[in-house]
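One file, input_25.cif, is given below (mmCIF, C-alpha atoms).
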data_structure
#
loop_
_atom_site.label_atom_id
_atom_site.label_comp_id
_atom_site.auth_asym_id
_atom_site.auth_seq_id
_atom_site.Cartn_x
_atom_site.Cartn_y
_atom_site.Cartn_z
CA MET C 1 -3.17 10.32 -8.03
CA HIS C 2 -4.63 7.54 -10.15
CA VAL C 3 -5.98 4.49 -8.30
CA PRO C 4 -5.07 1.20 -10.01
CA ILE C 5 -7.93 -1.29 -10.38
CA LEU C 6 -6.99 -4.98 -10.55
CA LYS C 7 -9.26 -7.72 -11.84
CA GLN C 8 -9.27 -10.81 -9.68
CA GLY C 9 -11.75 -13.37 -11.02
CA ASP C 10 -15.25 -12.04 -10.49
CA TYR C 11 -13.95 -9.20 -8.38
CA LEU C 12 -12.26 -5.84 -8.84
CA ILE C 13 -9.74 -4.62 -6.31
CA ALA C 14 -9.00 -0.89 -6.12
CA THR C 15 -6.12 -0.20 -3.76
CA ILE C 16 -5.73 3.47 -2.95
CA GLN C 17 -1.97 4.18 -3.00
CA SER C 18 -1.80 7.68 -1.57
CA VAL C 19 -3.92 10.43 -0.13
CA LEU C 20 -6.65 11.38 -2.61
CA SER C 21 -8.15 14.71 -3.57
CA ASP C 22 -11.87 15.04 -4.22
CA ALA C 23 -11.26 14.89 -7.97
CA ASP C 24 -9.27 11.63 -7.60
CA LEU C 25 -12.14 10.07 -5.65
CA LEU C 26 -14.65 11.02 -8.31
CA GLN C 27 -12.32 9.59 -10.96
CA LEU C 28 -12.17 6.31 -9.02
CA ARG C 29 -15.96 6.23 -8.91
CA ASP C 30 -16.22 6.66 -12.68
CA ASP C 31 -13.44 4.13 -13.38
CA LEU C 32 -15.14 1.51 -11.19
CA ALA C 33 -18.50 2.07 -12.88
CA ASP C 34 -16.84 1.45 -16.27
CA ARG C 35 -14.85 -1.61 -15.20
CA VAL C 36 -17.75 -3.37 -13.49
CA GLY C 37 -19.56 -3.32 -16.84
CA GLN C 38 -16.47 -4.20 -18.86
CA PHE C 39 -15.46 -7.21 -16.73
CA ARG C 40 -18.95 -8.15 -15.55
CA SER C 41 -17.64 -8.03 -12.00
CA ARG C 42 -19.81 -9.15 -9.11
CA GLY C 43 -17.83 -7.65 -6.31
CA VAL C 44 -15.55 -4.68 -5.68
CA ILE C 45 -13.09 -4.09 -2.86
CA ILE C 46 -11.90 -0.55 -2.23
CA ASP C 47 -8.83 -0.67 0.00
CA VAL C 48 -8.63 2.63 1.90
CA THR C 49 -5.83 1.63 4.29
CA VAL C 50 -3.61 4.61 3.35
CA LEU C 51 -6.31 7.29 3.55
CA ASP C 52 -5.32 9.84 6.22
CA VAL C 53 -8.81 11.19 6.68
CA ILE C 54 -12.26 10.12 5.52
CA ASP C 55 -14.27 13.29 5.76
CA SER C 56 -17.86 14.08 4.81
CA PHE C 57 -17.08 14.29 1.10
CA ALA C 58 -15.14 11.02 1.01
CA THR C 59 -17.87 9.27 2.99
CA ARG C 60 -20.58 10.53 0.67
CA THR C 61 -18.55 9.52 -2.38
CA LEU C 62 -17.74 6.01 -1.09
CA ARG C 63 -21.37 5.48 -0.14
CA GLY C 64 -22.42 6.72 -3.57
CA VAL C 65 -19.98 4.35 -5.30
CA ALA C 66 -21.29 1.37 -3.32
CA HIS C 67 -24.93 2.17 -4.04
CA MET C 68 -24.26 2.88 -7.70
CA LEU C 69 -22.32 -0.38 -8.18
CA LYS C 70 -25.10 -2.25 -6.38
CA LEU C 71 -27.46 -0.98 -9.07
CA ARG C 72 -25.01 -2.39 -11.62
CA GLY C 73 -25.16 -5.77 -9.89
CA ALA C 74 -21.93 -5.68 -7.90
CA GLU C 75 -21.34 -5.74 -4.15
CA THR C 76 -18.84 -3.24 -2.72
CA VAL C 77 -16.78 -3.58 0.39
CA ILE C 78 -14.62 -0.82 1.89
CA ALA C 79 -11.57 -2.40 3.49
CA GLY C 80 -8.90 -1.09 5.82
CA ILE C 81 -10.36 2.00 7.52
CA GLN C 82 -7.73 2.84 10.15
CA PRO C 83 -8.76 3.13 13.82
CA ASP C 84 -8.00 6.88 14.07
CA VAL C 85 -9.84 7.53 10.83
CA ALA C 86 -12.85 5.56 12.09
CA PHE C 87 -12.73 7.52 15.37
CA ALA C 88 -12.79 10.87 13.56
CA MET C 89 -15.63 9.64 11.31
CA VAL C 90 -17.71 8.69 14.35
CA GLN C 91 -17.07 12.12 15.91
CA LEU C 92 -18.18 13.76 12.67
CA GLY C 93 -21.34 11.64 12.76
CA LEU C 94 -20.43 9.96 9.48
CA THR C 95 -21.60 6.43 8.72
CA LEU C 96 -21.25 4.05 5.79
CA GLU C 97 -24.72 2.68 6.30
CA GLY C 98 -25.71 0.04 3.78
CA VAL C 99 -22.10 -0.39 2.66
CA GLY C 100 -20.02 -3.48 3.40
CA THR C 101 -16.86 -2.88 5.42
CA ALA C 102 -13.99 -5.17 6.28
CA LEU C 103 -10.88 -5.03 8.43
CA ASP C 104 -8.51 -5.70 5.54
CA LEU C 105 -8.26 -7.13 2.04
CA GLU C 106 -8.50 -10.73 3.24
CA GLU C 107 -11.68 -10.08 5.20
CA GLY C 108 -12.98 -8.10 2.25
CA LEU C 109 -12.59 -11.12 -0.02
CA ALA C 110 -14.32 -13.34 2.56
CA PHE C 111 -17.16 -10.82 2.73
CA LEU C 112 -17.59 -10.80 -1.05
CA ASN C 113 -17.41 -14.60 -1.26
CA ALA C 114 -20.23 -14.80 1.27
CA LYS C 115 -22.28 -12.10 -0.47
CA THR C 116 -21.91 -13.12 -4.08
CA LYS C 117 -21.85 -16.92 -4.02
CA ARG C 118 -25.36 -18.22 -3.63
CA GLY C 119 -25.71 -20.14 -0.38
CA GLY C 120 -22.09 -19.51 0.45
CA SER C 121 -20.93 -18.84 3.96
CA VAL C 122 -17.97 -16.92 5.30
CA TRP C 123 -14.97 -19.13 5.93
CA ARG C 124 -12.66 -17.27 8.25
CA GLY C 125 -10.08 -20.03 8.54
CA PRO C 126 -9.28 -22.01 11.66
CA ILE C 127 -9.31 -20.17 14.94
CA PRO C 128 -5.64 -19.44 15.69
CA SER C 129 -4.54 -21.43 18.70
CA ARG C 130 -2.91 -19.45 21.45
CA SER C 131 -1.63 -22.47 23.34
CA ALA C 132 1.11 -23.40 20.89
CA PRO C 133 3.17 -20.31 20.16
CA LYS C 134 5.78 -20.52 17.42
CA ALA C 135 9.30 -21.27 18.57
CA PRO C 136 11.50 -18.17 18.65
CA LEU C 137 13.35 -17.41 15.45
CA ASP C 138 16.81 -18.52 16.64
CA ALA C 139 15.35 -21.87 17.76
CA GLN C 140 13.75 -22.30 14.33
CA ILE C 141 17.06 -21.56 12.61
CA ARG C 142 18.93 -24.02 14.85
CA LYS C 143 16.34 -26.70 14.07
CA ALA C 144 16.65 -26.04 10.33
CA ASN C 145 20.45 -26.21 10.52
CA ARG C 146 20.28 -29.50 12.38
CA ARG C 147 18.06 -30.90 9.63
CA ARG C 148 20.50 -29.75 6.97
CA LYS C 149 23.31 -31.73 8.62
CA MET N 150 -2.63 33.27 25.07
CA SER N 151 0.07 33.70 22.52
CA THR N 152 1.10 32.08 19.30
CA PHE N 153 4.55 30.76 18.59
CA ASN N 154 6.43 29.28 15.63
CA GLU N 155 5.62 30.95 12.41
CA GLU N 156 2.09 30.91 11.21
CA LEU N 157 1.58 28.39 8.46
CA CYS N 158 -0.66 29.77 5.75
CA VAL N 159 -2.22 27.49 3.13
CA PRO N 160 -4.18 29.23 0.36
CA ILE N 161 -7.35 27.31 -0.54
CA LYS N 162 -8.35 27.59 -4.17
CA SER N 163 -9.21 24.07 -5.26
CA ASP N 164 -9.95 20.64 -3.82
CA SER N 165 -6.29 19.59 -3.91
CA ASP N 166 -5.46 22.41 -1.47
CA ILE N 167 -7.77 20.74 1.06
CA VAL N 168 -5.40 17.77 1.13
CA GLU N 169 -2.38 20.03 1.58
CA ALA N 170 -4.00 21.99 4.42
CA ARG N 171 -4.90 18.89 6.40
CA GLN N 172 -1.51 17.26 5.85
CA LYS N 173 0.27 20.38 7.12
CA GLY N 174 -2.16 20.52 10.03
CA ARG N 175 -1.45 16.92 10.95
CA ALA N 176 2.32 17.48 10.75
CA LEU N 177 2.08 20.58 12.98
CA ALA N 178 -0.16 18.73 15.46
CA ILE N 179 2.39 15.94 15.80
CA GLN N 180 5.18 18.49 16.17
CA LEU N 181 3.22 20.20 18.96
CA GLY N 182 2.91 16.92 20.85
CA PHE N 183 -0.56 15.70 19.92
CA SER N 184 -0.72 11.92 19.97
CA GLY N 185 -3.10 9.01 19.49
CA SER N 186 -6.06 9.85 17.31
CA ASP N 187 -5.75 13.63 17.85
CA PRO N 188 -3.64 14.42 14.73
CA THR N 189 -6.22 12.59 12.58
CA VAL N 190 -9.12 14.32 14.34
CA ILE N 191 -7.47 17.73 13.76
CA ALA N 192 -6.80 16.84 10.10
CA ALA N 193 -10.47 15.86 9.67
CA ALA N 194 -11.65 19.17 11.16
CA ILE N 195 -9.30 21.09 8.82
CA SER N 196 -10.62 19.07 5.89
CA GLU N 197 -14.19 20.09 6.69
CA VAL N 198 -13.55 23.83 7.11
CA ALA N 199 -11.30 23.89 4.02
CA ARG N 200 -14.02 22.15 2.02
CA ASN N 201 -16.44 24.81 3.16
CA ILE N 202 -14.19 27.44 1.57
CA VAL N 203 -13.96 25.53 -1.73
CA ASN N 204 -17.71 24.88 -1.86
CA HIS N 205 -19.01 28.28 -0.86
CA ALA N 206 -16.34 30.90 -1.27
CA THR N 207 -14.09 29.41 -3.99
CA ARG N 208 -11.02 30.99 -2.42
CA GLY N 209 -9.67 31.65 1.02
CA GLU N 210 -6.95 30.46 3.34
CA ILE N 211 -6.20 28.25 6.30
CA VAL N 212 -3.76 29.64 8.86
CA LEU N 213 -2.25 27.09 11.24
CA SER N 214 -0.34 28.03 14.37
CA GLY N 215 0.90 26.64 17.63
CA ILE N 216 -0.54 28.41 20.69
CA HIS N 217 0.18 28.38 24.38
CA GLU N 218 -1.82 29.61 27.30
CA SER N 219 -0.43 29.41 30.85
CA SER N 220 1.14 25.96 30.75
CA ARG N 221 -0.83 24.24 28.02
CA LEU N 222 -0.02 23.86 24.35
CA GLY N 223 -2.45 23.75 21.51
CA ILE N 224 -3.10 24.23 17.83
CA GLN N 225 -5.14 26.97 16.27
CA VAL N 226 -6.79 26.63 12.91
CA LEU N 227 -8.11 29.78 11.31
CA ALA N 228 -10.13 29.39 8.13
CA ARG N 229 -11.08 32.61 6.41
CA ASP N 230 -12.54 33.57 3.11
CA GLU N 231 -13.98 36.56 1.36
CA GLY N 232 -16.96 34.66 0.06
CA PRO N 233 -20.67 35.45 0.23
CA GLY N 234 -20.84 35.00 4.01
CA ILE N 235 -23.47 33.14 6.02
CA ALA N 236 -26.74 34.93 6.74
CA ASP N 237 -28.01 32.54 9.41
CA ILE N 238 -25.11 31.07 11.38
CA GLU N 239 -27.40 29.20 13.77
CA GLN N 240 -28.95 27.39 10.83
CA ALA N 241 -25.55 26.70 9.24
CA MET N 242 -24.39 25.13 12.49
CA GLN N 243 -27.32 22.71 12.57
CA TYR N 244 -26.26 19.16 11.89
CA GLY N 245 -27.63 18.02 8.54
CA TYR N 246 -28.50 21.49 7.30
CA SER N 247 -27.01 22.07 3.87
CA SER N 248 -27.40 24.99 1.53
CA GLY N 249 -27.00 22.67 -1.46
CA LYS N 250 -23.60 21.11 -1.76
CA GLY N 251 -22.45 18.65 0.85
CA MET N 252 -24.15 16.81 3.65
CA GLY N 253 -24.48 19.61 6.16
CA VAL N 254 -21.93 17.87 8.34
CA GLY N 255 -18.88 20.06 7.86
CA LEU N 256 -19.20 22.97 10.30
CA PRO N 257 -21.05 21.22 13.15
CA GLY N 258 -18.78 18.20 12.69
CA ALA N 259 -15.63 20.32 12.93
CA LYS N 260 -17.00 21.88 16.13
CA TRP N 261 -17.40 18.43 17.68
CA LEU N 262 -13.86 17.47 16.73
CA MET N 263 -12.16 20.48 18.29
CA ASP N 264 -12.13 21.94 21.83
CA GLU N 265 -13.01 25.49 20.88
CA PHE N 266 -14.91 26.74 17.88
CA ASP N 267 -15.86 30.25 16.88
CA ILE N 268 -17.46 31.41 13.67
CA LYS N 269 -17.93 34.95 12.46
CA SER N 270 -19.55 35.89 9.20
CA GLN N 271 -20.74 38.97 7.43
CA VAL N 272 -22.95 38.70 4.39
CA GLY N 273 -21.09 39.96 1.35
CA LYS N 274 -17.79 40.19 3.25
CA GLY N 275 -16.82 36.65 4.16
CA THR N 276 -16.55 34.09 6.90
CA SER N 277 -13.88 33.25 9.42
CA VAL N 278 -13.79 30.14 11.56
CA THR N 279 -11.33 29.86 14.47
CA MET N 280 -10.84 26.44 16.04
CA ARG N 281 -8.50 25.35 18.82
CA LYS N 282 -7.53 22.06 20.33
CA TRP N 283 -5.29 21.56 23.36
CA VAL N 284 -2.72 18.87 23.91
CA ARG N 285 -4.04 16.52 26.60
#

The structure in this file should be written as structure tokens.
Amino acid sequence: MHVPILKQGDYLIATIQSVLSDADLLQLRDDLADRVGQFRSRGVIIDVTVLDVIDSFATRTLRGVAHMLKLRGAETVIAGIQPDVAFAMVQLGLTLEGVGTALDLEEGLAFLNAKTKRGGSVWRGPIPSRSAPKAPLDAQIRKANRRRK
Amino acid sequence: MSTFNEELCVPIKSDSDIVEARQKGRALAIQLGFSGSDPTVIAAAISEVARNIVNHATRGEIVLSGIHESSRLGIQVLARDEGPGIADIEQAMQYGYSSGKGMGVGLPGAKWLMDEFDIKSQVGKGTSVTMRKWVR
């Protein structure tokens, strides 16, 4: 299964779409190495949300990709490792030491912005307020209908 | 202890078979009543033992079955190959020991993930790993 790589400004975003075999992972590594040079990218996000398992081979490959791209001048962040997958990785003693990780794509972008922009800082948006919950949907619809009249 | 359902046999010849074995293992685990992170943990253990077959023996098989003993249910994963075998099992089970390929995480890691783990190997004949996990 081929992993599409999108260019987004200075960054590349590789979103894994289905479970990957070892060969697919190695292909992704080679594709990213090519594209970083081609587009002069400064950051790469690998979205692994759909991966069912990250085993020793996948961990080693992802770590290898991140270190290799670092040598090419790009930061890598692995986004979207699922809680169960993380749990199994910990039990296997696997770590992604020295590799950026993020909860999801949005956090991944924030991470790269902080890492690649000189003097930049992470802007995580306003802290969501818990005191003012949104009105329930039917109330919102009623309000909108009233406005329409 | 007895097995039930049919045994599910997945031949392991290449790296894409690893994915198939762990997906079938996850599906069986869910069917047997495993919940939470257990299906993923079982799939990860299958991935490691299947990778061992691809790396060292080139061909073998993973046999998955449901098991029950007194009142508890579980899953059994049998990984067997007719590869070169392991001369020093104690060494192979050491975390971080690798005979070349890999990180030396596979076998000891799989043992940590499962409840029961047994490995038998004969040099020149092959290796068989039997792992079990019980529904909590």

| field | Two-atom distance - atom CA of Asp84 of chain C, atom CA of Ser186 of chain N (Å) | value | 4.8 Å

| Pairwise distance for atom CA of Asp55 of chain C and atom CA of Ile5 of chain C, rounded to one decimal in Å |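 It comes out at 22.7 Å.
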
| query | How would you write, as a ChimeraX atom specification, the residues chosen by the PyMOL selection byres ((chain N) within 12 of (chain C)) on this structure? | reply | /N:163-176,184-201,203-204,244-245,250-263

| request: Output the residue selection produced by the PyMOL selection byres ((chain C and resi 67-80) around 9) on the file above, formatted as a VMD selection string. | output: chain C and resid 11 32 to 33 36 to 37 40 to 50 62 to 66 81 to 82 98 to 109 111 to 112 115 to 116

Please enumerate the residues selected by the PyMOL selection byres ((chain N and resi 279) around 10) when evaluated against the supplied file, formatted as a PDB file with C-alpha atoms, keeping the file's coordinate frame.
ATOM      1  CA  VAL N 198     -13.550  23.830   7.110  1.00  0.00           C
ATOM      2  CA  ILE N 211      -6.200  28.250   6.300  1.00  0.00           C
ATOM      3  CA  VAL N 212      -3.760  29.640   8.860  1.00  0.00           C
ATOM      4  CA  GLN N 225      -5.140  26.970  16.270  1.00  0.00           C
ATOM      5  CA  VAL N 226      -6.790  26.630  12.910  1.00  0.00           C
ATOM      6  CA  LEU N 227      -8.110  29.780  11.310  1.00  0.00           C
ATOM      7  CA  ALA N 228     -10.130  29.390   8.130  1.00  0.00           C
ATOM      8  CA  ARG N 229     -11.080  32.610   6.410  1.00  0.00           C
ATOM      9  CA  LYS N 260     -17.000  21.880  16.130  1.00  0.00           C
ATOM     10  CA  GLU N 265     -13.010  25.490  20.880  1.00  0.00           C
ATOM     11  CA  PHE N 266     -14.910  26.740  17.880  1.00  0.00           C
ATOM     12  CA  ASP N 267     -15.860  30.250  16.880  1.00  0.00           C
ATOM     13  CA  ILE N 268     -17.460  31.410  13.670  1.00  0.00           C
ATOM     14  CA  LYS N 269     -17.930  34.950  12.460  1.00  0.00           C
ATOM     15  CA  SER N 277     -13.880  33.250   9.420  1.00  0.00           C
ATOM     16  CA  VAL N 278     -13.790  30.140  11.560  1.00  0.00           C
ATOM     17  CA  MET N 280     -10.840  26.440  16.040  1.00  0.00           C
ATOM     18  CA  ARG N 281      -8.500  25.350  18.820  1.00  0.00           C
TER      19      ARG N 281
END

| query | Mind pulling up the distance from atom CA of Ser270 of chain N to atom CA of Leu157 of chain N? | reply |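 Atom CA of Ser270 of chain N lies 22.4 Å from atom CA of Leu157 of chain N.
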
| message | So, with all atoms listed in the file as the atoms that count, which of N:Leu181, N:Asp264, N:Gly209, N:Thr276 lies closest to Ala241 of chain N? | response |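 Among the listed residues, N:Thr276 lies closest to Ala241 of chain N.
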
| query | From the set N:Met242, N:Ala178, N:Ala206, N:Ile216, which residue has the shortest atom-to-atom contact distance to Asp230 of chain N, counting all atoms listed in the file? | reply | N:Ala206
